[in-house]
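Next comes start_24.txt, a file with compact mmCIF, C-alpha atoms.
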```
# COMPACT_ATOMS: atom_id res chain seq x y z
CA MET A 91 212.65 -38.39 206.81
CA SER A 92 209.64 -37.84 204.64
CA GLU A 93 206.13 -38.75 205.58
CA ALA A 94 204.63 -41.84 204.07
CA ARG A 95 202.18 -40.98 201.34
CA THR A 96 198.92 -42.70 200.83
CA PRO A 97 198.04 -44.35 197.54
CA ALA A 98 195.44 -41.62 196.97
CA GLN A 99 198.08 -38.90 197.41
CA ILE A 100 200.43 -40.69 195.04
CA GLU A 101 197.63 -41.10 192.49
CA ALA A 102 196.68 -37.41 192.80
CA ASP A 103 200.32 -36.44 192.33
CA ILE A 104 200.53 -38.61 189.20
CA VAL A 105 197.35 -37.03 187.78
CA ARG A 106 198.66 -33.52 188.49
CA ARG A 107 202.02 -34.24 186.87
CA ARG A 108 200.32 -35.85 183.88
CA GLU A 109 198.23 -32.68 183.39
CA GLN A 110 201.33 -30.49 183.68
CA LEU A 111 203.12 -32.67 181.13
CA ALA A 112 200.14 -32.44 178.75
CA VAL A 113 200.19 -28.64 178.99
CA THR A 114 203.95 -28.58 178.39
CA LEU A 115 203.64 -30.88 175.38
CA ASP A 116 200.84 -28.69 173.96
CA GLU A 117 203.05 -25.61 174.33
CA ILE A 118 205.95 -27.37 172.61
CA GLY A 119 203.61 -28.51 169.84
CA ILE A 120 202.42 -24.95 169.28
CA ARG A 121 205.96 -23.55 169.30
CA MET A 122 207.22 -26.20 166.87
CA HIS A 123 204.25 -26.00 164.49
CA PRO A 124 205.37 -24.79 161.03
CA LYS A 125 202.82 -21.95 161.02
CA THR A 126 204.15 -20.68 164.36
CA ILE A 127 207.76 -20.88 163.16
CA ILE A 128 206.89 -19.09 159.91
CA GLY A 129 204.88 -16.46 161.78
CA ASP A 130 207.78 -15.80 164.16
CA ALA A 131 210.21 -15.55 161.22
CA LYS A 132 207.90 -13.13 159.39
CA ALA A 133 207.57 -10.97 162.49
CA LYS A 134 211.35 -10.89 162.92
CA VAL A 135 211.90 -9.96 159.26
CA ALA A 136 209.21 -7.27 159.42
CA SER A 137 210.81 -5.80 162.52
CA THR A 138 214.24 -5.79 160.88
CA VAL A 139 212.85 -4.15 157.73
CA ASP A 140 211.06 -1.51 159.81
CA GLN A 141 214.26 -0.73 161.70
CA THR A 142 216.30 -0.59 158.49
CA ALA A 143 213.73 1.63 156.78
CA GLY A 144 213.69 3.92 159.80
CA ARG A 145 217.48 4.22 159.79
CA ALA A 146 217.48 4.85 156.04
CA PHE A 147 214.84 7.57 156.42
CA VAL A 148 216.85 9.30 159.13
CA ALA A 149 220.04 9.08 157.04
CA VAL A 150 218.35 10.42 153.89
CA ASN A 151 216.66 13.19 155.87
CA ARG A 152 220.04 14.19 157.34
CA VAL A 153 221.65 14.27 153.87
CA VAL A 154 218.79 16.32 152.42
CA SER A 155 219.03 18.78 155.31
CA ASP A 156 222.80 19.08 154.84
CA VAL A 157 222.44 19.69 151.08
CA LYS A 158 219.67 22.22 151.65
CA ALA A 159 221.82 24.02 154.22
CA ARG A 160 224.68 24.24 151.71
CA PHE A 161 222.52 25.76 148.98
CA THR A 162 220.30 28.12 150.99
CA HIS A 163 220.77 30.89 153.52
CA GLU A 164 219.21 30.70 156.98
CA ASP A 165 216.22 32.72 155.69
CA GLY A 166 215.61 30.15 152.91
CA ALA A 167 216.95 32.27 150.06
CA PRO A 168 219.14 30.38 147.57
CA ARG A 169 222.92 30.87 147.70
CA LEU A 170 223.49 31.85 144.08
CA GLU A 171 227.26 31.47 144.39
CA ARG A 172 226.64 27.74 144.97
CA VAL A 173 223.47 27.13 142.95
CA VAL A 174 224.63 28.65 139.65
CA PRO A 175 227.78 26.49 139.22
CA VAL A 176 225.83 23.32 139.97
CA ALA A 177 223.10 24.33 137.51
CA VAL A 178 225.70 25.04 134.81
CA VAL A 179 227.33 21.63 135.33
CA ALA A 180 223.91 19.91 135.23
CA VAL A 181 222.97 21.67 131.97
CA ALA A 182 226.35 20.76 130.47
CA ILE A 183 225.91 17.09 131.38
CA VAL A 184 222.38 17.02 129.91
CA GLY A 185 223.69 18.70 126.74
CA LEU A 186 226.51 16.16 126.39
CA LEU A 187 224.09 13.27 126.88
CA ALA A 188 221.70 14.71 124.29
CA ALA A 189 224.54 15.23 121.79
CA SER A 190 225.79 11.70 122.41
CA SER A 191 222.38 10.17 121.79
CA ARG A 192 221.99 12.17 118.53
CA LYS A 193 225.32 10.83 117.27
CA LYS A 194 224.25 7.25 118.00
CA ARG A 195 220.97 7.70 116.06
CA GLY A 196 222.51 9.43 113.11
```
Please lay out the structure from this file as structure tokens.
Amino acid sequence: MSEARTPAQIEADIVRRREQLAVTLDEIGIRMHPKTIIGDAKAKVASTVDQTAGRAFVAVNRVVSDVKARFTHEDGAPRLERVVPVAVVAVAIVGLLAASSRKKRG
């Protein structure tokens, strides 16, 4: 069986529990405050954006490296057998676009 508690012990226990409850309620109030909720949401969004931007940077960097490797030799010199056809196609497309815009104006 438990020991009998004195009224002073019971009162001290009540005071201690009341203080613990006040601290708990303060913590809940802070967590549920709109500014806290908005701040947490902003932090989560910022973290997600940072992660997404990081992944995008890595993916773009990988693509650029792959393209560069296809159009240059290991020493950095351009691979003319690959660069020239792409340049010719690009010039042809620009020429067709220019001709098309002249026809629309005239």
Return as JSON the centre and edge lengths, in Å with one decimal, of the box along x, y and z that encloses every atom of segment 107-120 of chain A in the file, padded by 5 Å per side.
```
{"center_x": 202.1, "center_y": -30.4, "center_z": 178.1, "size_x": 17.7, "size_y": 20.9, "size_z": 27.6}
```
Coordinates-based distance that separates atom CA of Ala159 of chain A from atom CA of Val181 of chain A (Å, one decimal):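 Atom CA of Ala159 of chain A lies at a distance of 22.4 Å from atom CA of Val181 of chain A.
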Atom pair atom CA of Arg160 of chain A + atom CA of Val174 of chain A, distance 12.8 Å
Using all atoms listed in the file, pick whichever of A:Met122, A:Val176, A:Gly185, A:Phe147 has the shortest atom-to-atom distance to Phe161 of chain A. A:Val176
